[in-house]
file entry-v4.cif (mmCIF, C-alpha atoms and all ligand atoms)
data_my_file
#
loop_
_atom_site.label_atom_id
_atom_site.label_comp_id
_atom_site.auth_asym_id
_atom_site.auth_seq_id
_atom_site.Cartn_x
_atom_site.Cartn_y
_atom_site.Cartn_z
CA MET A 1309 0.00 0.00 0.00
CA ALA A 1310 1.33 3.42 -0.87
CA PHE A 1311 1.31 5.69 2.14
CA ILE A 1312 1.95 9.38 1.84
CA LYS A 1313 4.81 10.28 4.12
CA PRO A 1314 3.82 12.75 6.83
CA THR A 1315 6.78 14.87 5.77
CA GLN A 1316 5.51 15.45 2.25
CA PRO A 1317 6.65 18.74 0.73
CA LYS A 1318 4.41 21.72 1.35
CA GLY A 1319 3.19 24.01 -1.41
CA GLU A 1320 -0.20 24.51 -3.02
CA PRO A 1321 -1.49 21.08 -4.05
CA GLU A 1322 -3.18 20.80 -7.43
CA VAL A 1323 -6.64 19.25 -7.37
CA ASP A 1324 -8.68 18.45 -10.45
CA LEU A 1325 -12.24 19.27 -9.38
CA GLY A 1326 -13.55 17.21 -12.28
CA ARG A 1327 -12.01 14.06 -10.82
CA LEU A 1328 -12.97 14.29 -7.18
CA PRO A 1329 -13.56 11.14 -5.16
CA ARG A 1330 -17.31 10.64 -4.69
CA HIS A 1331 -16.97 9.78 -1.04
CA VAL A 1332 -14.39 11.03 1.47
CA ALA A 1333 -14.28 9.66 5.02
CA ILE A 1334 -12.35 11.29 7.85
CA ILE A 1335 -11.25 10.02 11.27
CA MET A 1336 -11.35 13.30 13.19
CA ASP A 1337 -8.46 12.51 15.53
CA GLY A 1338 -6.00 14.57 17.57
CA ASN A 1339 -8.29 16.88 19.54
CA GLY A 1340 -6.87 15.86 22.90
CA ARG A 1341 -3.25 16.37 21.89
CA TRP A 1342 -4.09 19.71 20.29
CA ALA A 1343 -5.52 20.89 23.63
CA LYS A 1344 -2.67 19.43 25.67
CA ARG A 1345 -0.08 21.32 23.61
CA ARG A 1346 -1.88 24.52 24.51
CA GLY A 1347 -2.24 23.67 28.19
CA LEU A 1348 -6.02 23.43 27.74
CA PRO A 1349 -8.44 20.73 28.92
CA ARG A 1350 -9.18 17.97 26.37
CA THR A 1351 -12.74 19.26 26.08
CA ALA A 1352 -11.38 22.49 24.55
CA GLY A 1353 -9.79 20.32 21.88
CA HIS A 1354 -13.14 18.75 21.07
CA ALA A 1355 -14.75 22.19 20.78
CA ALA A 1356 -11.98 23.26 18.37
CA GLY A 1357 -12.37 20.00 16.44
CA ALA A 1358 -16.09 20.58 16.06
CA GLU A 1359 -15.33 23.98 14.48
CA THR A 1360 -12.93 22.29 12.09
CA PHE A 1361 -15.68 19.88 11.13
CA ARG A 1362 -17.87 22.83 10.24
CA THR A 1363 -15.14 24.43 8.11
CA ILE A 1364 -14.24 21.21 6.30
CA ALA A 1365 -17.85 20.18 5.68
CA THR A 1366 -18.57 23.62 4.20
CA TYR A 1367 -15.50 23.36 1.99
CA CYS A 1368 -16.51 19.88 0.81
CA LYS A 1369 -19.93 21.19 -0.12
CA ASP A 1370 -18.39 24.15 -1.96
CA ILE A 1371 -16.18 21.98 -4.14
CA GLY A 1372 -19.08 19.64 -4.96
CA LEU A 1373 -18.23 16.51 -3.00
CA GLU A 1374 -21.14 14.03 -2.94
CA TYR A 1375 -20.53 12.15 0.33
CA LEU A 1376 -18.60 13.07 3.46
CA THR A 1377 -18.44 10.62 6.38
CA VAL A 1378 -16.86 11.64 9.68
CA TYR A 1379 -15.92 9.56 12.70
CA ALA A 1380 -16.99 11.56 15.74
CA PHE A 1381 -17.29 8.99 18.53
CA SER A 1382 -16.43 5.30 18.50
CA THR A 1383 -17.94 2.36 20.38
CA GLU A 1384 -14.62 2.30 22.28
CA ASN A 1385 -14.67 5.98 23.24
CA TRP A 1386 -16.98 5.22 26.21
CA LYS A 1387 -13.79 4.22 28.01
CA ARG A 1388 -13.00 7.92 28.44
CA PRO A 1389 -13.81 9.96 31.57
CA LEU A 1390 -17.49 10.81 31.90
CA GLU A 1391 -16.73 14.52 31.74
CA GLU A 1392 -15.10 14.17 28.34
CA VAL A 1393 -17.87 11.94 26.96
CA SER A 1394 -20.51 14.40 28.19
CA ALA A 1395 -18.67 17.28 26.52
CA ILE A 1396 -18.61 15.42 23.18
CA VAL A 1397 -22.31 14.55 23.43
CA GLY A 1398 -23.02 18.21 24.29
CA LEU A 1399 -21.12 19.35 21.19
CA LEU A 1400 -23.13 17.02 18.98
CA LYS A 1401 -26.32 18.62 20.27
CA LYS A 1402 -25.01 22.17 19.90
CA TYR A 1403 -23.89 21.65 16.30
CA LEU A 1404 -27.05 19.83 15.29
CA LEU A 1405 -29.20 22.65 16.58
CA GLU A 1406 -27.07 25.23 14.82
CA SER A 1407 -26.89 23.37 11.55
CA ILE A 1408 -30.57 22.68 10.93
CA GLU A 1409 -31.12 26.03 9.20
CA LYS A 1410 -27.90 25.76 7.24
CA MET A 1411 -28.73 22.25 6.12
CA GLU A 1412 -31.97 23.48 4.68
CA ARG A 1413 -30.26 26.33 2.83
CA ASP A 1414 -27.56 24.08 1.40
CA ARG A 1415 -29.88 21.09 0.86
CA ILE A 1416 -27.47 18.92 2.90
CA ARG A 1417 -28.60 15.42 3.84
CA LEU A 1418 -27.53 14.24 7.26
CA ARG A 1419 -27.41 10.64 8.36
CA PHE A 1420 -26.07 8.94 11.48
CA PHE A 1421 -24.02 5.76 11.47
CA GLY A 1422 -23.94 4.07 14.86
CA ASP A 1423 -26.14 2.95 17.71
CA LEU A 1424 -27.81 6.06 19.09
CA THR A 1425 -29.79 4.21 21.80
CA PRO A 1426 -27.50 5.22 24.71
CA LEU A 1427 -27.89 8.94 23.89
CA PRO A 1428 -30.22 11.19 25.91
CA GLN A 1429 -33.82 10.98 24.63
CA GLU A 1430 -33.88 14.63 23.56
CA LEU A 1431 -30.75 14.23 21.47
CA LYS A 1432 -32.03 11.03 19.88
CA GLU A 1433 -35.12 12.90 18.82
CA LEU A 1434 -33.01 15.72 17.44
CA CYS A 1435 -30.94 13.25 15.40
CA GLY A 1436 -34.10 11.61 14.10
CA ARG A 1437 -35.61 14.97 13.24
CA THR A 1438 -32.57 16.32 11.33
CA ASN A 1439 -32.39 13.03 9.48
CA GLU A 1440 -36.08 13.22 8.58
CA ILE A 1441 -35.96 16.91 7.57
CA SER A 1442 -33.02 16.40 5.26
CA LYS A 1443 -34.16 13.17 3.62
CA GLY A 1444 -35.64 14.92 0.62
CA TYR A 1445 -32.66 17.23 0.04
CA ASP A 1446 -30.40 16.73 -2.96
CA GLY A 1447 -27.11 18.31 -1.83
CA MET A 1448 -24.03 16.73 -0.29
CA GLN A 1449 -24.69 13.89 2.13
CA VAL A 1450 -22.92 14.03 5.48
CA ASN A 1451 -22.75 10.84 7.55
CA VAL A 1452 -21.84 11.35 11.19
CA CYS A 1453 -20.47 8.22 12.86
CA PHE A 1454 -21.46 8.42 16.51
CA ASN A 1455 -21.18 5.47 18.87
CA TYR A 1456 -20.00 3.76 15.71
CA GLY A 1457 -17.77 0.71 15.41
CA GLY A 1458 -17.06 -1.20 12.21
CA ARG A 1459 -17.26 -4.56 13.97
CA ASP A 1460 -20.43 -3.61 15.78
CA GLU A 1461 -21.96 -2.56 12.45
CA ILE A 1462 -21.09 -5.92 10.88
CA ILE A 1463 -22.53 -7.80 13.87
CA GLN A 1464 -25.77 -5.80 13.71
CA ALA A 1465 -26.04 -6.58 9.99
CA ALA A 1466 -25.33 -10.29 10.56
CA ARG A 1467 -28.02 -10.38 13.24
CA ALA A 1468 -30.55 -8.68 10.98
CA PHE A 1469 -29.84 -11.10 8.15
CA ALA A 1470 -30.03 -14.10 10.49
CA ALA A 1471 -33.35 -12.82 11.81
CA ALA A 1472 -34.67 -12.50 8.24
CA CYS A 1473 -33.58 -16.10 7.62
CA ALA A 1474 -35.22 -17.32 10.82
CA ALA A 1475 -38.42 -15.56 9.76
CA GLY A 1476 -38.30 -17.37 6.42
CA GLU A 1477 -37.84 -14.12 4.45
CA ARG A 1478 -34.29 -14.94 3.31
CA ARG A 1479 -32.18 -18.01 2.68
CA PRO A 1480 -28.49 -18.15 3.82
CA GLU A 1481 -27.27 -19.16 0.36
CA GLU A 1482 -28.73 -16.08 -1.31
CA LEU A 1483 -26.52 -13.70 0.72
CA THR A 1484 -24.16 -11.68 -1.49
CA GLU A 1485 -21.76 -8.86 -0.66
CA GLU A 1486 -24.25 -6.44 -2.15
CA MET A 1487 -27.14 -7.76 -0.07
CA PHE A 1488 -25.04 -7.71 3.09
CA GLY A 1489 -24.13 -4.07 2.39
CA GLY A 1490 -27.84 -3.33 2.47
CA TYR A 1491 -27.93 -4.24 6.17
CA LEU A 1492 -25.15 -1.81 7.08
CA TYR A 1493 -25.62 1.80 8.23
CA SER A 1494 -24.17 2.80 4.86
CA ALA A 1495 -26.87 1.04 2.83
CA GLY A 1496 -27.28 2.73 -0.54
CA ILE A 1497 -24.12 4.84 -0.21
CA PRO A 1498 -21.03 4.17 -2.36
CA ASP A 1499 -17.95 2.93 -0.49
CA PRO A 1500 -15.47 5.63 0.60
CA ASP A 1501 -12.85 6.30 -2.07
CA LEU A 1502 -10.55 8.14 0.29
CA VAL A 1503 -10.11 7.71 4.05
CA ILE A 1504 -8.16 10.46 5.79
CA ARG A 1505 -6.65 10.15 9.25
CA PRO A 1506 -4.96 13.16 10.78
CA SER A 1507 -3.07 13.16 14.12
CA GLY A 1508 -0.16 10.92 13.16
CA GLU A 1509 -1.81 7.62 14.09
CA VAL A 1510 -1.55 5.07 11.31
CA ARG A 1511 -4.43 2.76 12.12
CA ILE A 1512 -8.10 2.32 11.28
CA SER A 1513 -9.48 2.18 14.85
CA ASN A 1514 -12.62 0.24 13.89
CA PHE A 1515 -13.75 2.71 11.20
CA LEU A 1516 -15.72 1.54 8.13
CA LEU A 1517 -14.11 -1.91 8.15
CA TRP A 1518 -16.39 -3.38 5.51
CA GLN A 1519 -16.70 -0.29 3.33
CA SER A 1520 -13.02 0.62 3.12
CA ALA A 1521 -11.98 -2.67 1.50
CA TYR A 1522 -10.64 -0.75 -1.53
CA ALA A 1523 -10.38 2.77 -0.14
CA GLU A 1524 -7.22 4.83 -0.59
CA PHE A 1525 -5.71 5.93 2.73
CA TYR A 1526 -4.12 9.25 3.53
CA PHE A 1527 -2.35 9.88 6.82
CA THR A 1528 -1.00 13.18 8.09
CA ASP A 1529 0.58 14.39 11.33
CA VAL A 1530 -1.65 17.47 11.43
CA LEU A 1531 -4.01 17.36 14.43
CA TRP A 1532 -7.69 17.54 13.54
CA PRO A 1533 -8.34 21.03 15.01
CA ASP A 1534 -5.52 22.31 12.73
CA PHE A 1535 -6.80 20.49 9.66
CA SER A 1536 -7.54 23.09 6.96
CA PRO A 1537 -9.04 23.16 3.46
CA GLU A 1538 -5.44 23.32 2.21
CA GLU A 1539 -4.70 20.09 4.04
CA LEU A 1540 -7.76 18.53 2.46
CA ARG A 1541 -6.60 19.66 -0.98
CA ARG A 1542 -3.29 17.98 -0.27
CA ALA A 1543 -5.12 14.72 0.52
CA LEU A 1544 -7.25 15.06 -2.62
CA ALA A 1545 -4.20 15.73 -4.77
CA ALA A 1546 -2.48 12.65 -3.33
CA TYR A 1547 -5.62 10.61 -4.05
CA GLN A 1548 -5.66 11.79 -7.64
CA GLY A 1549 -2.11 10.58 -8.06
CA ARG A 1550 -2.98 7.03 -6.99
CA ASP A 1551 -3.55 4.10 -9.33
CA ARG A 1552 -6.59 2.15 -8.12
CA ARG A 1553 -6.38 -1.38 -9.46
CA TYR A 1554 -8.96 -3.28 -7.40
CA GLY A 1555 -6.92 -6.41 -7.76
CA GLY A 1556 -6.52 -6.05 -11.52
CA VAL A 1557 -3.40 -5.13 -13.47
C1 LIG A 1601 -10.62 12.57 18.46
O1 LIG A 1601 -9.63 13.20 19.21
C2 LIG A 1601 -11.99 12.74 19.06
C3 LIG A 1601 -12.55 11.50 19.59
C4 LIG A 1601 -11.98 10.34 19.59
C5 LIG A 1601 -13.85 11.60 20.22
P1 LIG A 1601 -8.98 12.51 20.48
O2 LIG A 1601 -9.75 12.92 21.67
O3 LIG A 1601 -8.84 11.05 20.28
O4 LIG A 1601 -7.56 13.19 20.49
P2 LIG A 1601 -6.20 12.53 20.88
O5 LIG A 1601 -6.02 11.34 19.98
O6 LIG A 1601 -6.30 12.13 22.31
O7 LIG A 1601 -5.18 13.58 20.63
C1 LIG A 1602 -10.80 7.15 16.61
O1 LIG A 1602 -9.92 7.86 17.40
C2 LIG A 1602 -12.20 7.56 16.91
C3 LIG A 1602 -12.55 8.93 16.53
C4 LIG A 1602 -11.77 9.81 16.01
C5 LIG A 1602 -13.90 9.30 16.76
P1 LIG A 1602 -9.37 7.30 18.79
O2 LIG A 1602 -8.51 8.36 19.34
O3 LIG A 1602 -10.47 6.81 19.62
O4 LIG A 1602 -8.52 6.05 18.30
P2 LIG A 1602 -7.28 5.33 19.00
O5 LIG A 1602 -7.67 5.07 20.43
O6 LIG A 1602 -6.13 6.25 18.91
O7 LIG A 1602 -7.06 4.10 18.20
MG MG A 1603 -7.38 9.92 19.45
#

call {"tool": "encode", "arguments": {"input": "entry-v4.cif", "output": "structure tokens"}}
result
Amino acid sequence: MAFIKPTQPKGEPEVDLGRLPRHVAIIMDGNGRWAKRRGLPRTAGHAAGAETFRTIATYCKDIGLEYLTVYAFSTENWKRPLEEVSAIVGLLKKYLLESIEKMERDRIRLRFFGDLTPLPQELKELCGRTNEISKGYDGMQVNVCFNYGGRDEIIQAARAFAAACAAGERRPEELTEEMFGGYLYSAGIPDPDLVIRPSGEVRISNFLLWQSAYAEFYFTDVLWPDFSPEELRRALAAYQGRDRRYGGV
């Protein structure tokens, strides 16, 4: 696999807007370290990271990207101190409330990947409502992964298929990759073409395990709160320089 070295040369990257990936996915990582470097509490890093999400999502819409998926909270992130988890949940609520109007103006579709059941009732309703409101829109689709885990998603899908078999609606031998994909949170959405992970970590951390089978990966040392449209252009330019072979020659 060709990784882009974190020390790639700077300079304005050239992006061909006519050849954009359809679907970009981002692991929004590095908030805690960003805060630590500034002597701030980790929660300040999450607030800064949420602002970066807003900037990057707006930029993606402006350049005409079709699908943007962001990893906001994993099934493993519950291991963190309650105060930090509460701050992240609070940010989700704040940004949802603020973005409803903007979503309508920009025709942005919003969908959630993940198990929202442990969230406060009010927030669950808000998620459901924003999802419902934006269903009919035709602009960029943003998928927010919250309490999301790739393995958990696959297990949920396997359970749903097994239940359909037990109910006599499906037969095990008719299961195909395509049909299985229909049981995932990402049903109906093309697989990510490009997965970006800032913060210097070079791992997938349970993100889109099924969907990223043939994704291109881009890693950078930049911490998420410092991630800029220029940084995104750099990732897009790197993507456009890749040769995707899908196992062929
Ligand atoms: C990503 O930033 C946000 C979440 C995982 C919720 P981190 O909080 O993981 O930041 P680091 O990795 O500790 O710097
Ligand atoms: C992945 O980041 C999850 C999100 C960014 C939401 P983590 O910070 O949780 O991942 P690890 O612990 O470094 O693998
Ligand atoms: Mg992290």

call {"tool": "atom_distance", "arguments": {"input": "entry-v4.cif", "atom1": "atom CA of A:Thr1438", "atom2": "atom CA of A:Ser1407"}}
result
9.1 Å

call {"tool": "closest_residue", "arguments": {"input": "entry-v4.cif", "among": "A:Arg1511, A:Lys1401, A:Arg1478, A:Arg1541", "to": "ligand MG 1603 (chain A)", "atoms": "all atoms listed in the file"}}
result
A:Arg1511

call {"tool": "residues_near_ligand", "arguments": {"input": "entry-v4.cif", "ligand": "ligand MG 1603 (chain A)", "cutoff": "8 Å", "atoms": "all atoms listed in the file", "output": "PyMOL selection string"}}
result
chain A and resi 1337-1340+1507

call {"tool": "closest_residue", "arguments": {"input": "entry-v4.cif", "among": "A:Lys1402, A:His1354, A:Lys1410, A:His1331", "to": "ligand LIG 1601 (chain A)", "atoms": "all atoms listed in the file"}}
result
A:His1354

call {"tool": "residues_around", "arguments": {"input": "entry-v4.cif", "residues": "A:Trp1342", "least_positions_apart": "4", "cutoff": "7 Å", "atoms": "only C-alpha atoms", "output": "ChimeraX atom specification"}}
result
/A:1338,1346,1353,1531,1533

call {"tool": "residues_around", "arguments": {"input": "entry-v4.cif", "residues": "A:Trp1386", "least_positions_apart": "5", "cutoff": "9 Å", "atoms": "all atoms listed in the file", "output": "list in words"}}
result
Phe1381, Val1393 and Asn1455 of chain A

call {"tool": "closest_residue", "arguments": {"input": "entry-v4.cif", "among": "A:Ile1416, A:Val1378, A:Val1323, A:Ile1371", "to": "ligand LIG 1601 (chain A)", "atoms": "only C-alpha atoms and all ligand atoms"}}
result
A:Val1378

call {"tool": "closest_atom_pairs", "arguments": {"input": "entry-v4.cif", "of": "chain A", "to": "ligand LIG 1602 (chain A)", "cutoff": "6 Å", "atoms": "only C-alpha atoms and all ligand atoms", "output": "tab-separated table"}}
result
residue	atom	partner	partner_atom	distance
A:Ile1335	CA	A:LIG1602	C4	4.8
A:Met1336	CA	A:LIG1602	C4	4.5
A:Asp1337	CA	A:LIG1602	C4	4.3
A:Tyr1379	CA	A:LIG1602	C5	4.5
A:Ala1380	CA	A:LIG1602	C5	4.0
A:Phe1381	CA	A:LIG1602	C5	3.8
A:Ser1382	CA	A:LIG1602	C5	5.0
A:Asn1385	CA	A:LIG1602	O3	5.6
A:Ser1513	CA	A:LIG1602	O7	4.6

call {"tool": "closest_residue", "arguments": {"input": "entry-v4.cif", "among": "A:Gln1519, A:Ser1494, A:Gln1464, A:Asn1514", "to": "ligand LIG 1601 (chain A)", "atoms": "only C-alpha atoms and all ligand atoms"}}
result
A:Asn1514

call {"tool": "residues_around", "arguments": {"input": "entry-v4.cif", "residues": "A:Arg1459", "least_positions_apart": "4", "cutoff": "10 Å", "atoms": "only C-alpha atoms", "output": "JSON list (two decimals) with C-alpha atoms, keeping the file's coordinate frame"}}
result
[["chain", "number", "residue", "atom", "x", "y", "z"],
["A", 1383, "THR", "CA", -17.94, 2.36, 20.38],
["A", 1463, "ILE", "CA", -22.53, -7.80, 13.87],
["A", 1464, "GLN", "CA", -25.77, -5.80, 13.71],
["A", 1465, "ALA", "CA", -26.04, -6.58, 9.99],
["A", 1514, "ASN", "CA", -12.62, 0.24, 13.89],
["A", 1515, "PHE", "CA", -13.75, 2.71, 11.20],
["A", 1516, "LEU", "CA", -15.72, 1.54, 8.13],
["A", 1517, "LEU", "CA", -14.11, -1.91, 8.15],
["A", 1518, "TRP", "CA", -16.39, -3.38, 5.51]]

call {"tool": "residues_around", "arguments": {"input": "entry-v4.cif", "residues": "A:Ala1546", "least_positions_apart": "4", "cutoff": "10 Å", "atoms": "all atoms listed in the file", "output": "PDB file with C-alpha atoms, in the frame of the given file"}}
result
ATOM      1  CA  PHE A1311       1.310   5.690   2.140  1.00  0.00           C
ATOM      2  CA  ILE A1312       1.950   9.380   1.840  1.00  0.00           C
ATOM      3  CA  PRO A1321      -1.490  21.080  -4.050  1.00  0.00           C
ATOM      4  CA  GLU A1322      -3.180  20.800  -7.430  1.00  0.00           C
ATOM      5  CA  VAL A1323      -6.640  19.250  -7.370  1.00  0.00           C
ATOM      6  CA  LEU A1502     -10.550   8.140   0.290  1.00  0.00           C
ATOM      7  CA  GLU A1524      -7.220   4.830  -0.590  1.00  0.00           C
ATOM      8  CA  PHE A1525      -5.710   5.930   2.730  1.00  0.00           C
ATOM      9  CA  TYR A1526      -4.120   9.250   3.530  1.00  0.00           C
ATOM     10  CA  LEU A1540      -7.760  18.530   2.460  1.00  0.00           C
ATOM     11  CA  ARG A1541      -6.600  19.660  -0.980  1.00  0.00           C
ATOM     12  CA  ARG A1542      -3.290  17.980  -0.270  1.00  0.00           C
ATOM     13  CA  ARG A1550      -2.980   7.030  -6.990  1.00  0.00           C
TER      14      ARG A1550
END

call {"tool": "atom_distance", "arguments": {"input": "entry-v4.cif", "atom1": "atom CA of A:Asp1423", "atom2": "atom O5 of ligand LIG 1601 (chain A)"}}
result
21.9 Å
